[in-house]
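Q: Once you've had a glance at the structure underneath, I'll fire off some questions.
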Amino acid sequence: MNKQSGHLSEFQIAFRHFRRNRLAWTGVMILSLLYGGAVLADFLSPYSFKDENRNYSYAPPTSIHFFDNGRLAWPYVNGMKLSFDEYNKRVYQRDPAKHYPLQFLVKGEEYRFLGLFPCRRHFFGVEAPGRWYLLGADARGRDMFSRLLYGGRVSLTIGLMGAVIAFSLGLIIGGISGYYGGRLDNFLMRLCEMFMMVPGFYLLLALRAAVPDNFNSVQVYFSIVIILSFIGWAGLARIVRGMCLSLREREYVLAAKSLGLSDIRIILRHILPHTLSYSIFAVMLSIPGYILGESALSLIGLGIQDPYASWGNMLSDAMSIVRIKFAPWILSPAFLIFLTVVCFNVIGDALRDCLDPMLKAEGHRDG
Amino acid sequence: MPVEGGDGGVDVLLELKNIKKFFPIKHGGTDKRQRFVRAVDDVSLDIASGENLSLVGESGCGKTTLGRIALRLIPADGGSIVFNGEDISRIPNRYLKEYRKNMQMVFQDPYSSLDPRFTVRHILREAMTLTMNAYPTEDAQRDRMAELLEAVGLRQPDILSRYPHEFSGGERQRIAIARALVLNPRLLILDEAVSSLDVIIQQQLINLLADLQQRYHLTYFFISHNLRVVKKISRKIAVMYQGKIVEAAPAEEIFRNPLHPYTKELLAAAIDYKAIPHGRGIQMAPKARLVDQGQGHFVLEG
Ligand SMILES: Nc1ncnc2c1ncn2[C@@H]1O[C@H](COP(=O)(O)OP(=O)(O)OP(=O)(O)O)[C@@H](O)[C@H]1O
Ligand SMILES: [Mg+2]
């Protein structure tokens, strides 16, 4: 209703401010691309995440050719011939005899489009006997590009879900603690401190160790989400609690109380919304931590298990310097993790800047 | 009890008996004894129906604290609150709603008494939650809002969709009054309702309050630090100093014949703008009691 009449709430004003920040918008765009890629992974990827071909172990990125015998042609790739050099290292050579044109909506493995209906078309690729590695192949000859898209599904959502759960836990526990005060507050805050005392990574390992090892991949995924959020909520809860201690003294809270509103409603409507401006950017800035946490777990083999892809477990392939030297493309997940982390940080910083006037007005600038 | 009508048989709406509130002072260092601010120290007051009582005293003497205790917004450390013949000081919180309909408060700071995230429409609608069955439909709610906004003299057309930061202090205070009136209370506690406003707006609001009293049969418990402001609207005045009532009497009596030295100072400050010599010099014995001087005039002595 306020849109029609031109009256802007503080959040709307802050959002206008945010839109003017170029860097942050670039971050938003890049993240949208990454998340979009993860959502449409099975359509966009030429191959499935477990489509392996041992003949192409660590095959380099396939070069695309635009000229055929000196004449301009529809882009195509050639086949590859495998040979070994004097150190018994694999060498892939172009095989000009085999010629596979690039195709859009090429037929491939069947999948369910957006989980809804079965579909065989992939956005681009080459016809069957040919194999096309946009970003090279991993040890088992699986397409890195496809696996990056599938891995994004895990790595990008695990961070987000972990952050959302930690955020809700932190808000609720911090809100209750700050609003009621007293002994409950004391208890909850000591609990927080227990979680904050243990260094994050050890807690991560300890909790992971507590998860049964016969879990399937979905169960592992969710247990990692829960583990991650367990680690993150305490910090936010403490800060939110501090804000609530001062917010509950505001006269509009007393007014709501005298109007007979229940405690829950007061907390949800008049207290927690005022901590949002802080918590939103706190959460934005914490998402990279969750993504890195998942990557770390998967990297040391405690997270998502092969053949399922996550950026972290793809990187576990890149733990040997020799492999990185001869197949540098296996580092590409690291680049995506880096990119994502930077984007979230840039957005978080921009949010802080544009929510700053609100934070100042609400008197918890350095909360 | 102090501040009693001459004819005794008046219908007492709110009775505060021996209210105490001590706030612990946070202290560092090695001193292990807990110290307290005696914000409200054994205060007793009656407010009869339709009879406005003003509580006057300097900043920090405990007026707001007393007002909040009366509404049970903060717990008292001692004493009892009797509203309309019923002791509400020991009722569990969940049953308080019934009483809160009858007592509302307009808060001291118009800049913090309205939630900045809510439009006026939301603020007023929220105030209706307790009486939802009285205004069940959108239309009934809208009519009620329009009536209240008209009553407090806010007439701009788009007022309902505006946010608090789009109003002046005086306008905000009117919104706060409208919100307090939503539930049709019998008693309105006005905590420095006009203190933060300029003299002209103060006068307007005082007149508005007088009108509203006629219209809605309200009783006011008016809290102020300025005697002059409450002169017109109050029938009785209680003077508070360092958590105690030092003098209580009908309004004219206080102005004509102030007895306690602190009242004299307050009066001097309000009327002649004379600098207060120094209030802290006034001594009060712990055993001091209010003594009846006749004609409902009580003074702290001892
Ligand atoms: N929540 C609290 N915790 C500790 N001390 C408090 C608290 N609330 C009030 N006090 C103290 O109690 C005393 C009375 O405060 P109160 O707000 O009732 O004063 P007041 O008469 O309303 O003053 P003003 O005219 O400035 O509003 C003050 O000394 C104040 O410091
Ligand atoms: Mg006050």
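Scheme for the structure tokens: letters A, B, ... for chains in order shown; per-chain residue numbers from 1; ligand numbers from 1 in order shown.
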Given a cut-off of 9 Å, what residues near ligand 2 show up using only C-alpha atoms and all ligand atoms, put as a list in words?
A: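 Written in the requested form, the residues are Ser59, Gly60, Cys61, Gly62, Lys63, Thr64, Thr65, Gly67, Phe107, Gln108, Asp109, Asp191, Glu192, Ile223, Ser224 and His225 of chain B.
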Q: Output all heavy atoms for every residue in the selection just made, as an mmCIF file, in the first residue's frame.
A:
```cif
data_model
loop_
_atom_site.group_PDB
_atom_site.id
_atom_site.type_symbol
_atom_site.label_atom_id
_atom_site.label_comp_id
_atom_site.auth_asym_id
_atom_site.auth_seq_id
_atom_site.Cartn_x
_atom_site.Cartn_y
_atom_site.Cartn_z
ATOM 1 N N SER B 59 13.117 16.221 36.956
ATOM 2 C CA SER B 59 13.577 15.066 36.192
ATOM 3 C C SER B 59 14.292 14.066 37.094
ATOM 4 O O SER B 59 15.092 14.454 37.934
ATOM 5 C CB SER B 59 14.523 15.569 35.103
ATOM 6 O OG SER B 59 14.861 14.519 34.249
ATOM 7 N N GLY B 60 13.935 12.808 36.938
ATOM 8 C CA GLY B 60 14.617 11.770 37.697
ATOM 9 C C GLY B 60 14.031 11.494 39.058
ATOM 10 O O GLY B 60 14.561 10.698 39.817
ATOM 11 N N CYS B 61 12.893 12.113 39.383
ATOM 12 C CA CYS B 61 12.341 11.907 40.712
ATOM 13 C C CYS B 61 11.480 10.649 40.775
ATOM 14 O O CYS B 61 11.009 10.272 41.832
ATOM 15 C CB CYS B 61 11.546 13.124 41.173
ATOM 16 S SG CYS B 61 10.011 13.342 40.289
ATOM 17 N N GLY B 62 11.272 9.980 39.643
ATOM 18 C CA GLY B 62 10.552 8.704 39.683
ATOM 19 C C GLY B 62 9.145 8.732 39.120
ATOM 20 O O GLY B 62 8.389 7.782 39.302
ATOM 21 N N LYS B 63 8.784 9.792 38.411
ATOM 22 C CA LYS B 63 7.418 9.910 37.901
ATOM 23 C C LYS B 63 7.094 8.829 36.878
ATOM 24 O O LYS B 63 6.076 8.137 36.965
ATOM 25 C CB LYS B 63 7.207 11.289 37.252
ATOM 26 C CG LYS B 63 7.614 12.451 38.123
ATOM 27 C CD LYS B 63 7.433 13.776 37.415
ATOM 28 C CE LYS B 63 8.274 13.966 36.173
ATOM 29 N NZ LYS B 63 9.704 14.153 36.390
ATOM 30 N N THR B 64 7.973 8.689 35.882
ATOM 31 C CA THR B 64 7.739 7.686 34.849
ATOM 32 C C THR B 64 7.658 6.296 35.456
ATOM 33 O O THR B 64 6.780 5.498 35.119
ATOM 34 C CB THR B 64 8.875 7.736 33.816
ATOM 35 O OG1 THR B 64 8.879 9.027 33.218
ATOM 36 C CG2 THR B 64 8.690 6.695 32.754
ATOM 37 N N THR B 65 8.564 6.037 36.377
ATOM 38 C CA THR B 65 8.578 4.735 37.028
ATOM 39 C C THR B 65 7.240 4.458 37.696
ATOM 40 O O THR B 65 6.668 3.373 37.549
ATOM 41 C CB THR B 65 9.716 4.693 38.063
ATOM 42 O OG1 THR B 65 10.917 5.112 37.425
ATOM 43 C CG2 THR B 65 9.896 3.311 38.628
ATOM 44 N N GLY B 67 4.327 5.769 36.969
ATOM 45 C CA GLY B 67 3.294 5.581 35.941
ATOM 46 C C GLY B 67 3.359 4.176 35.361
ATOM 47 O O GLY B 67 2.324 3.523 35.159
ATOM 48 N N PHE B 107 3.228 7.826 26.108
ATOM 49 C CA PHE B 107 4.587 7.780 26.632
ATOM 50 C C PHE B 107 5.317 9.102 26.457
ATOM 51 O O PHE B 107 4.920 9.965 25.676
ATOM 52 C CB PHE B 107 5.358 6.634 25.997
ATOM 53 C CG PHE B 107 4.832 5.308 26.442
ATOM 54 C CD1 PHE B 107 3.784 4.697 25.779
ATOM 55 C CD2 PHE B 107 5.356 4.696 27.559
ATOM 56 C CE1 PHE B 107 3.283 3.487 26.211
ATOM 57 C CE2 PHE B 107 4.862 3.490 27.995
ATOM 58 C CZ PHE B 107 3.820 2.882 27.316
ATOM 59 N N GLN B 108 6.406 9.169 27.198
ATOM 60 C CA GLN B 108 7.132 10.424 27.327
ATOM 61 C C GLN B 108 7.740 10.918 26.011
ATOM 62 O O GLN B 108 7.642 12.077 25.660
ATOM 63 C CB GLN B 108 8.240 10.221 28.370
ATOM 64 C CG GLN B 108 9.096 11.426 28.616
ATOM 65 C CD GLN B 108 9.840 11.300 29.936
ATOM 66 O OE1 GLN B 108 9.747 10.308 30.637
ATOM 67 N NE2 GLN B 108 10.565 12.334 30.295
ATOM 68 N N ASP B 109 8.347 9.986 25.271
ATOM 69 C CA ASP B 109 9.134 10.408 24.118
ATOM 70 C C ASP B 109 8.412 10.066 22.818
ATOM 71 O O ASP B 109 8.367 8.911 22.421
ATOM 72 C CB ASP B 109 10.495 9.699 24.175
ATOM 73 C CG ASP B 109 11.363 10.048 22.987
ATOM 74 O OD1 ASP B 109 10.954 10.908 22.193
ATOM 75 O OD2 ASP B 109 12.438 9.447 22.858
ATOM 76 N N ASP B 191 2.371 10.556 30.290
ATOM 77 C CA ASP B 191 3.703 10.771 30.834
ATOM 78 C C ASP B 191 4.391 11.886 30.055
ATOM 79 O O ASP B 191 4.875 11.673 28.955
ATOM 80 C CB ASP B 191 4.505 9.461 30.745
ATOM 81 C CG ASP B 191 5.844 9.579 31.443
ATOM 82 O OD1 ASP B 191 6.114 10.647 32.011
ATOM 83 O OD2 ASP B 191 6.607 8.604 31.414
ATOM 84 N N GLU B 192 4.437 13.052 30.643
ATOM 85 C CA GLU B 192 5.065 14.208 29.989
ATOM 86 C C GLU B 192 4.583 14.328 28.550
ATOM 87 O O GLU B 192 5.375 14.519 27.627
ATOM 88 C CB GLU B 192 6.589 14.056 29.975
ATOM 89 C CG GLU B 192 7.159 13.626 31.291
ATOM 90 C CD GLU B 192 7.861 14.748 32.019
ATOM 91 O OE1 GLU B 192 7.683 15.912 31.626
ATOM 92 O OE2 GLU B 192 8.565 14.456 32.999
ATOM 93 N N ILE B 223 1.431 13.341 34.119
ATOM 94 C CA ILE B 223 2.780 13.419 34.692
ATOM 95 C C ILE B 223 3.541 14.541 34.005
ATOM 96 O O ILE B 223 3.528 14.636 32.779
ATOM 97 C CB ILE B 223 3.517 12.080 34.493
ATOM 98 C CG1 ILE B 223 2.804 10.984 35.278
ATOM 99 C CG2 ILE B 223 4.965 12.196 34.909
ATOM 100 C CD1 ILE B 223 3.343 9.605 35.011
ATOM 101 N N SER B 224 4.150 15.399 34.786
ATOM 102 C CA SER B 224 4.845 16.526 34.176
ATOM 103 C C SER B 224 5.937 17.032 35.103
ATOM 104 O O SER B 224 5.916 16.772 36.304
ATOM 105 C CB SER B 224 3.852 17.651 33.884
ATOM 106 O OG SER B 224 4.554 18.786 33.430
ATOM 107 N N HIS B 225 6.896 17.740 34.522
ATOM 108 C CA HIS B 225 7.866 18.360 35.413
ATOM 109 C C HIS B 225 7.585 19.855 35.560
ATOM 110 O O HIS B 225 8.284 20.555 36.247
ATOM 111 C CB HIS B 225 9.303 18.114 34.936
ATOM 112 C CG HIS B 225 9.558 18.584 33.542
ATOM 113 N ND1 HIS B 225 9.857 17.720 32.516
ATOM 114 C CD2 HIS B 225 9.529 19.802 32.997
ATOM 115 C CE1 HIS B 225 10.016 18.405 31.403
ATOM 116 N NE2 HIS B 225 9.823 19.673 31.671
#
```
Q: List every residue of chain A that has an atom at most 9 Å from any atom of chain B, giving for each one its closest atom pair and the distance in Å to one decimal, counting only C-alpha atoms, sorted by chain and then by ascending residue number, as a Markdown table.
A:
```
| residue | atom | partner | partner_atom | distance |
| --- | --- | --- | --- | --- |
| A:Met1 | CA | B:Ser161 | CA | 7.3 |
| A:Asn2 | CA | B:Ser161 | CA | 6.1 |
| A:Ser5 | CA | B:Ser161 | CA | 7.4 |
| A:His7 | CA | B:Arg162 | CA | 6.0 |
| A:Leu8 | CA | B:Tyr163 | CA | 7.8 |
| A:Ser9 | CA | B:Arg117 | CA | 6.6 |
| A:Glu10 | CA | B:Arg117 | CA | 7.2 |
| A:Phe11 | CA | B:Arg117 | CA | 8.7 |
| A:Arg250 | CA | B:Ser112 | CA | 6.2 |
| A:Glu251 | CA | B:Ser113 | CA | 4.5 |
| A:Tyr252 | CA | B:Ser113 | CA | 4.2 |
| A:Val253 | CA | B:Ser113 | CA | 7.8 |
| A:Leu254 | CA | B:Leu73 | CA | 6.7 |
| A:Ala255 | CA | B:Ser113 | CA | 6.9 |
| A:Ala256 | CA | B:Ala127 | CA | 7.6 |
| A:Lys257 | CA | B:Leu73 | CA | 7.2 |
| A:Ser258 | CA | B:Arg100 | CA | 6.1 |
| A:Leu259 | CA | B:Ala127 | CA | 5.9 |
| A:Gly260 | CA | B:Lys97 | CA | 5.2 |
| A:Leu261 | CA | B:Leu130 | CA | 7.6 |
| A:Ser262 | CA | B:Arg94 | CA | 8.5 |
| A:His270 | CA | B:Asp115 | CA | 7.1 |
| A:Pro273 | CA | B:Arg117 | CA | 8.3 |
| A:His274 | CA | B:Arg117 | CA | 8.3 |
```
Q: Considering only C-alpha atoms, can you say which of A:Tyr58, A:Tyr76, A:Phe67, A:Trp311 comes closest to Arg90 in chain A?
A: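 That would be A:Tyr58, the residue with the smallest distance to Arg90 in chain A.
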Q: Compile the contact shell of Val39 in chain A as an NGL selection string: residues with an atom at most 12 Å away, counting only C-alpha atoms, same-chain residues fewer than 5 positions apart removed.
A: :A and (32-34 or 44-45 or 112-115 or 149-154 or 156-157)
Q: Just the helix (DSSP H, G or I) stuff from range 66-128 of chain B, please, per backbone DSSP, written as a PDB file with C-alpha atoms, in the first residue's frame.
A:
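Heads up, here's the output in result_5.pdb:
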```pdb
ATOM      1  CA  LEU B  66       5.443   5.267  39.075  1.00  0.00           C
ATOM      2  CA  GLY B  67       3.294   5.581  35.941  1.00  0.00           C
ATOM      3  CA  ARG B  68       4.684   2.367  34.510  1.00  0.00           C
ATOM      4  CA  ILE B  69       4.145   0.543  37.755  1.00  0.00           C
ATOM      5  CA  ALA B  70       0.528   1.665  37.823  1.00  0.00           C
ATOM      6  CA  ASN B  93       0.403 -11.382  33.554  1.00  0.00           C
ATOM      7  CA  ARG B  94      -1.853 -13.366  31.256  1.00  0.00           C
ATOM      8  CA  TYR B  95      -5.000 -12.082  32.951  1.00  0.00           C
ATOM      9  CA  LYS B  97      -5.341  -7.865  29.364  1.00  0.00           C
ATOM     10  CA  GLU B  98      -8.770  -7.261  30.846  1.00  0.00           C
ATOM     11  CA  TYR B  99      -7.435  -4.402  32.947  1.00  0.00           C
ATOM     12  CA  ARG B 100      -5.184  -2.976  30.332  1.00  0.00           C
ATOM     13  CA  VAL B 120      -0.102   4.776  11.239  1.00  0.00           C
ATOM     14  CA  ARG B 121      -2.600   2.255   9.901  1.00  0.00           C
ATOM     15  CA  HIS B 122      -0.574  -0.615  11.299  1.00  0.00           C
ATOM     16  CA  ILE B 123      -0.051   1.133  14.592  1.00  0.00           C
ATOM     17  CA  LEU B 124      -3.751   1.728  15.084  1.00  0.00           C
ATOM     18  CA  ARG B 125      -4.787  -1.676  13.808  1.00  0.00           C
ATOM     19  CA  GLU B 126      -2.405  -3.338  16.183  1.00  0.00           C
ATOM     20  CA  ALA B 127      -3.974  -1.420  19.031  1.00  0.00           C
TER      21      ALA B 127
END
```
Q: Quick one: residues within 6 Å of Ala48 in chain B, only C-alpha atoms counted, chain neighbours fewer than 3 positions away excluded, as a list in words?
A: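 Neighbouring residues, sequence-local ones excluded: Asp11, Val12, Leu13 and Glu51 of chain B.
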Q: How many Å lie between CA of Lys236 in chain B and atom 9 (C, counted along the ligand's line) of ligand 1, rounded to one decimal?
A: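 About the pair CA of Lys236 in chain B and atom 9 (C, counted along the ligand's line) of ligand 1: they are 24.8 Å apart.
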Q: Can you tell me, as a PyMOL selection string, what residues are no more than 9 Å from Lys231 in chain B when counting only C-alpha atoms, ignoring any on the same chain fewer than 5 positions away?
A: chain B and resi 54+237+251-252+255
Q: Can you measure CA of Asp46 in chain B to CA of Ser80 in chain B for me? One decimal in Å is fine.
A: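 The value is 12.0 Å.
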Q: For ligand 1, which residue among A:Glu249, A:Gly108, A:Ser83, A:Leu205 is the nearest when counting only C-alpha atoms and all ligand atoms?
A: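 Using only C-alpha atoms and all ligand atoms, ligand 1 sits closest to A:Glu249.
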Q: Near Gln293 in chain B, within 10 Å and counting only C-alpha atoms, which residues show up once chain neighbours fewer than 5 positions away are dropped, as a ChimeraX atom specification?
A: /B:249,259,298-299
Q: Residues of the last selection are to be written out with N, CA and C atoms, as an mmCIF file, in the first residue's frame.
A:
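Below you can see result_6.cif, which holds the result:
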```cif
data_model
loop_
_atom_site.group_PDB
_atom_site.id
_atom_site.type_symbol
_atom_site.label_atom_id
_atom_site.label_comp_id
_atom_site.auth_asym_id
_atom_site.auth_seq_id
_atom_site.Cartn_x
_atom_site.Cartn_y
_atom_site.Cartn_z
ATOM 1 N N ALA B 249 -2.408 18.279 47.021
ATOM 2 C CA ALA B 249 -3.525 19.152 47.360
ATOM 3 C C ALA B 249 -4.304 19.474 46.101
ATOM 4 N N LEU B 259 3.132 24.669 50.736
ATOM 5 C CA LEU B 259 3.665 24.562 52.089
ATOM 6 C C LEU B 259 5.056 23.969 52.142
ATOM 7 N N PHE B 298 -2.145 17.913 51.893
ATOM 8 C CA PHE B 298 -1.226 17.063 52.655
ATOM 9 C C PHE B 298 0.202 17.515 52.422
ATOM 10 N N VAL B 299 0.998 17.496 53.470
ATOM 11 C CA VAL B 299 2.402 17.880 53.337
ATOM 12 C C VAL B 299 3.266 16.879 54.082
#
```
Q: What's the 8 Å shell around Thr275 in chain A, counting only C-alpha atoms, without same-chain residues fewer than 6 positions away, as a ChimeraX atom specification?
A: /A:240,243-244
Q: Closest to ligand 1 among B:Pro258, B:Gly79, B:Pro92, B:Gly57, using only C-alpha atoms and all ligand atoms?
A: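 With only C-alpha atoms and all ligand atoms as the atom set, the closest residue is B:Gly57.
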Q: Using Å and a single decimal, report how far CA of Val37 in chain B sits from atom 13 (C, counted along the ligand's line) of ligand 1.
A: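 Spanning atom 13 (C, counted along the ligand's line) of ligand 1 to CA of Val37 in chain B is a straight-line distance of 6.6 Å.
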Q: Report as a PyMOL selection string: the residues of range 25-241 of chain A with a DSSP assignment of strand (DSSP E), based on the backbone of this structure.
A: chain A and resi 65-68+71-84+90-101+103-113+117-125
Q: Restricting the calculation to only C-alpha atoms and all ligand atoms, which member of A:Val77, A:Leu116, A:Ile173, A:Leu245 is positioned closest to ligand 1?
A: A:Leu245
Q: Which of these residues is nearest to Arg140 in chain A, using only C-alpha atoms: A:Ile271, A:Leu102, A:Ile172, A:Ile330?
A: A:Ile330
